[in-house]
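Accompanying notes for the structure given below.
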Amino acid sequence: MSLILASSSPIRRHLLTAAGVEHEVVAPDVDEAALKAGLDRPGEIASALAKAKALSVSRVRPDDWVIGGDSVVTVGGHIFSKPANRDEAGEHLRFFSGKAMTLTSAAALARGGAIDWDHAGTATLHVRPLSEEFIADYLDAEWPEVGYCVGVFRLEGRGVQLFDGIQGGHFTILGLPLLPLLGALRERGLILA
């Protein structure tokens with residue numbers, strides 16, 4: 001029996017590795033756009049995507065435990081996806097400028113093709129007013145890495161400069177509600193208690 005991370009996110013992989021959780025990575029096969037189309041609440045979307053990713057791998061590897069994760073960003077009532085390209089990343093940053101960003105990160109555990117546990121956490125990040133010069137310099141330094149991030153930032157990098165205030169769990173902001181996930185893994189005997 002293995003523990004599998006059903007995510008292509010480098011930060012989720014890093015968070016588990018840094019926490020000492022042995023795992024392998026298997027990319028999920030999920031049509032995210034189709035799944036999002038029928039949903040409109042950020043928490044619902046993040047949870048549905050995390051569950052779908054865990055289930056897609058669990059159906060192929062039913063004897064293993066599978067972790068799925070996803071994050072959703074909303075600003076001004078709009079739900080944002082990862083930017084398709086650098087120009088769209090710039091558009092997102094211009095829209096975020098001076099506004100509050102709500103970030104919801106969810107995790108799910110599946111085994112045998114069924115969800116066994118899930119959790120979602122929310123954080124609020126206050127984006128400071130961003131100048132055009134800052135946005136260009138920021139993308140020069142951070143692109144393409146931030147293209148894999150739904151909020152166009154890596155808090156562990158220069159992305160911290162986007163904000164003048166943050167409320168919420170650090171790991172939720174990084175894209176994985178790690179402390180509740182570690183608790184669930186301990187409860188199931190997948191890591192030491």
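If you're wondering about the labels, chains in the structure tokens are A, B, ... by order shown, residues count from 1 in each chain, ligands from 1 in order shown.
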Give the strand (DSSP E) residues of stretch 3-189 of chain A, as DSSP finds them on the backbone, and put them as a ChimeraX atom specification.
/A:3-6,24-25,65-75,78-80,100-111,114-127,163-167
Could the residues in this selection be written to a file with N, CA and C atoms, as a short mmCIF file (atom, residue, chain, number, x, y, z; two decimals), in the first residue's frame?
data_model
loop_
_atom_site.label_atom_id
_atom_site.label_comp_id
_atom_site.auth_asym_id
_atom_site.auth_seq_id
_atom_site.Cartn_x
_atom_site.Cartn_y
_atom_site.Cartn_z
N LEU A 3 0.99 5.75 -0.41
CA LEU A 3 0.28 7.01 -0.31
C LEU A 3 0.61 7.80 -1.56
N ILE A 4 -0.42 8.23 -2.27
CA ILE A 4 -0.24 8.89 -3.56
C ILE A 4 -0.79 10.31 -3.48
N LEU A 5 -0.06 11.24 -4.06
CA LEU A 5 -0.55 12.60 -4.23
C LEU A 5 -1.04 12.72 -5.67
N ALA A 6 -2.34 12.95 -5.83
CA ALA A 6 -2.94 13.11 -7.15
C ALA A 6 -2.97 14.60 -7.49
N GLU A 24 4.13 9.09 -3.43
CA GLU A 24 4.48 9.17 -4.83
C GLU A 24 3.46 10.09 -5.50
N VAL A 25 3.79 10.57 -6.67
CA VAL A 25 2.91 11.49 -7.39
C VAL A 25 2.37 10.80 -8.63
N TRP A 65 -3.93 4.69 -0.70
CA TRP A 65 -4.56 5.92 -0.23
C TRP A 65 -4.13 7.03 -1.17
N VAL A 66 -5.08 7.88 -1.56
CA VAL A 66 -4.80 8.94 -2.53
C VAL A 66 -5.24 10.29 -1.96
N ILE A 67 -4.33 11.26 -2.04
CA ILE A 67 -4.61 12.63 -1.63
C ILE A 67 -4.89 13.47 -2.87
N GLY A 68 -6.02 14.16 -2.86
CA GLY A 68 -6.31 15.13 -3.91
C GLY A 68 -6.33 16.52 -3.29
N GLY A 69 -5.96 17.52 -4.06
CA GLY A 69 -5.97 18.88 -3.54
C GLY A 69 -6.26 19.88 -4.63
N ASP A 70 -6.87 20.99 -4.24
CA ASP A 70 -7.09 22.07 -5.20
C ASP A 70 -7.35 23.36 -4.46
N SER A 71 -7.17 24.47 -5.16
CA SER A 71 -7.41 25.79 -4.60
C SER A 71 -8.22 26.63 -5.57
N VAL A 72 -9.03 27.52 -5.00
CA VAL A 72 -9.86 28.42 -5.80
C VAL A 72 -9.66 29.83 -5.26
N VAL A 73 -9.49 30.78 -6.16
CA VAL A 73 -9.33 32.19 -5.80
C VAL A 73 -10.54 32.96 -6.31
N THR A 74 -11.09 33.80 -5.43
CA THR A 74 -12.14 34.72 -5.83
C THR A 74 -11.73 36.14 -5.44
N VAL A 75 -12.02 37.06 -6.34
CA VAL A 75 -11.75 38.48 -6.10
C VAL A 75 -12.92 39.25 -6.71
N HIS A 78 -15.59 37.37 -8.63
CA HIS A 78 -15.18 36.59 -9.80
C HIS A 78 -14.28 35.43 -9.36
N ILE A 79 -14.51 34.27 -9.93
CA ILE A 79 -13.67 33.10 -9.66
C ILE A 79 -12.58 33.04 -10.72
N PHE A 80 -11.35 32.89 -10.27
CA PHE A 80 -10.20 32.88 -11.18
C PHE A 80 -9.61 31.49 -11.30
N ALA A 100 -9.45 42.61 -1.92
CA ALA A 100 -9.32 41.43 -1.07
C ALA A 100 -9.49 40.17 -1.92
N MET A 101 -8.57 39.23 -1.75
CA MET A 101 -8.60 37.95 -2.44
C MET A 101 -9.01 36.87 -1.43
N THR A 102 -9.98 36.07 -1.79
CA THR A 102 -10.35 34.93 -0.95
C THR A 102 -9.80 33.68 -1.60
N LEU A 103 -9.02 32.93 -0.84
CA LEU A 103 -8.41 31.71 -1.35
C LEU A 103 -8.95 30.53 -0.54
N THR A 104 -9.52 29.57 -1.21
CA THR A 104 -10.02 28.36 -0.57
C THR A 104 -9.21 27.19 -1.07
N SER A 105 -8.61 26.45 -0.14
CA SER A 105 -7.84 25.25 -0.48
C SER A 105 -8.50 24.04 0.16
N ALA A 106 -8.60 22.98 -0.62
CA ALA A 106 -9.24 21.76 -0.15
C ALA A 106 -8.33 20.56 -0.35
N ALA A 107 -8.53 19.57 0.50
CA ALA A 107 -7.83 18.29 0.37
C ALA A 107 -8.85 17.18 0.59
N ALA A 108 -8.59 16.04 -0.05
CA ALA A 108 -9.45 14.87 0.11
C ALA A 108 -8.59 13.62 0.12
N LEU A 109 -9.05 12.63 0.84
CA LEU A 109 -8.41 11.31 0.87
C LEU A 109 -9.38 10.29 0.31
N ALA A 110 -8.88 9.46 -0.59
CA ALA A 110 -9.72 8.41 -1.18
C ALA A 110 -9.00 7.08 -1.09
N ARG A 111 -9.78 6.04 -1.03
CA ARG A 111 -9.26 4.67 -1.11
C ARG A 111 -10.36 3.79 -1.67
N ALA A 114 -13.44 5.52 -3.35
CA ALA A 114 -14.42 6.27 -2.55
C ALA A 114 -13.70 7.31 -1.69
N ILE A 115 -14.35 8.42 -1.48
CA ILE A 115 -13.79 9.46 -0.61
C ILE A 115 -13.96 9.03 0.84
N ASP A 116 -12.87 9.12 1.60
CA ASP A 116 -12.88 8.73 3.00
C ASP A 116 -12.85 9.96 3.92
N TRP A 117 -12.30 11.07 3.42
CA TRP A 117 -12.14 12.28 4.25
C TRP A 117 -11.95 13.47 3.32
N ASP A 118 -12.44 14.64 3.74
CA ASP A 118 -12.13 15.86 3.01
C ASP A 118 -12.22 17.06 3.95
N HIS A 119 -11.55 18.12 3.56
CA HIS A 119 -11.49 19.34 4.37
C HIS A 119 -11.19 20.53 3.45
N ALA A 120 -11.79 21.67 3.76
CA ALA A 120 -11.48 22.90 3.03
C ALA A 120 -11.21 24.01 4.03
N GLY A 121 -10.23 24.84 3.72
CA GLY A 121 -9.89 26.00 4.54
C GLY A 121 -9.89 27.25 3.68
N THR A 122 -10.17 28.39 4.31
CA THR A 122 -10.25 29.65 3.58
C THR A 122 -9.34 30.69 4.21
N ALA A 123 -8.74 31.51 3.37
CA ALA A 123 -7.89 32.61 3.82
C ALA A 123 -8.26 33.86 3.02
N THR A 124 -8.02 35.01 3.62
CA THR A 124 -8.24 36.28 2.95
C THR A 124 -6.90 36.99 2.83
N LEU A 125 -6.56 37.39 1.61
CA LEU A 125 -5.30 38.08 1.35
C LEU A 125 -5.64 39.45 0.75
N HIS A 126 -5.11 40.49 1.35
CA HIS A 126 -5.38 41.85 0.89
C HIS A 126 -4.27 42.27 -0.06
N VAL A 127 -4.63 42.40 -1.33
CA VAL A 127 -3.65 42.77 -2.35
C VAL A 127 -3.47 44.29 -2.29
N PHE A 163 0.97 41.57 -1.17
CA PHE A 163 -0.02 41.72 -0.11
C PHE A 163 0.41 42.71 0.97
N ASP A 164 -0.61 43.36 1.57
CA ASP A 164 -0.33 44.18 2.74
C ASP A 164 -1.06 43.66 3.97
N GLY A 165 -1.74 42.53 3.83
CA GLY A 165 -2.39 41.87 4.96
C GLY A 165 -2.88 40.49 4.58
N ILE A 166 -2.78 39.56 5.54
CA ILE A 166 -3.21 38.18 5.28
C ILE A 166 -3.87 37.63 6.55
N GLN A 167 -5.05 37.03 6.38
CA GLN A 167 -5.70 36.30 7.47
C GLN A 167 -5.99 34.89 6.98
#
Once DSSP has gone over the backbone, tell me which residues of stretch 8-47 of chain A are in helix (DSSP H, G or I), as JSON, numbers by chain.
{"A": [10, 11, 12, 13, 14, 15, 16, 17, 18, 32, 33, 34, 35, 36, 37, 42, 43, 44, 45, 46, 47]}
Take the residues from that selection and put them in a file with N, CA and C atoms, as a compact mmCIF listing (two decimals), in the first residue's frame.
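See result.txt below for the written result:
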# COMPACT_ATOMS: atom_id res chain seq x y z
N PRO A 10 3.78 21.50 -7.73
CA PRO A 10 5.08 21.35 -7.06
C PRO A 10 5.03 21.74 -5.59
N ILE A 11 4.23 22.73 -5.22
CA ILE A 11 4.18 23.14 -3.82
C ILE A 11 3.51 22.08 -2.95
N ARG A 12 2.47 21.44 -3.43
CA ARG A 12 1.83 20.37 -2.63
C ARG A 12 2.81 19.22 -2.43
N ARG A 13 3.53 18.89 -3.47
CA ARG A 13 4.55 17.84 -3.37
C ARG A 13 5.61 18.24 -2.33
N HIS A 14 6.07 19.50 -2.40
CA HIS A 14 7.08 19.99 -1.47
C HIS A 14 6.56 20.00 -0.03
N LEU A 15 5.31 20.42 0.18
CA LEU A 15 4.76 20.48 1.53
C LEU A 15 4.74 19.10 2.17
N LEU A 16 4.31 18.09 1.42
CA LEU A 16 4.28 16.73 1.97
C LEU A 16 5.69 16.21 2.24
N THR A 17 6.61 16.46 1.32
CA THR A 17 7.99 16.01 1.49
C THR A 17 8.62 16.69 2.70
N ALA A 18 8.44 18.00 2.83
CA ALA A 18 9.02 18.74 3.95
C ALA A 18 8.45 18.27 5.28
N GLU A 32 -11.29 19.70 -15.32
CA GLU A 32 -11.59 20.71 -14.32
C GLU A 32 -12.65 21.70 -14.80
N ALA A 33 -12.57 22.10 -16.06
CA ALA A 33 -13.53 23.08 -16.59
C ALA A 33 -14.95 22.53 -16.55
N ALA A 34 -15.12 21.27 -16.92
CA ALA A 34 -16.46 20.67 -16.91
C ALA A 34 -16.99 20.56 -15.49
N LEU A 35 -16.12 20.22 -14.56
CA LEU A 35 -16.54 20.09 -13.16
C LEU A 35 -16.93 21.45 -12.58
N LYS A 36 -16.15 22.47 -12.89
CA LYS A 36 -16.43 23.82 -12.39
C LYS A 36 -17.73 24.38 -12.97
N ALA A 37 -18.07 23.97 -14.18
CA ALA A 37 -19.21 24.56 -14.89
C ALA A 37 -20.52 24.44 -14.11
N PRO A 42 -17.01 28.94 -4.16
CA PRO A 42 -15.58 28.58 -4.14
C PRO A 42 -15.26 27.34 -3.30
N GLY A 43 -15.83 27.23 -2.10
CA GLY A 43 -15.56 26.06 -1.27
C GLY A 43 -16.05 24.78 -1.91
N GLU A 44 -17.20 24.88 -2.54
CA GLU A 44 -17.79 23.73 -3.24
C GLU A 44 -16.90 23.32 -4.42
N ILE A 45 -16.39 24.31 -5.14
CA ILE A 45 -15.53 24.02 -6.30
C ILE A 45 -14.22 23.39 -5.85
N ALA A 46 -13.56 23.99 -4.86
CA ALA A 46 -12.28 23.45 -4.38
C ALA A 46 -12.44 22.03 -3.87
N SER A 47 -13.49 21.79 -3.08
CA SER A 47 -13.74 20.44 -2.55
C SER A 47 -14.04 19.45 -3.66
Grab the atom CA of A:Leu174 to atom CA of A:Glu22 distance for me, in Å with one decimal place.
19.2 Å
Atom pair atom CA of A:Leu49 / atom CA of A:Leu178: separation (Å)
16.7 Å
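Nearest to A:Phe153 of all the residues A:Gly183, A:Leu192, A:Glu133, A:Ala89 is A:Ala89, counting only C-alpha atoms.
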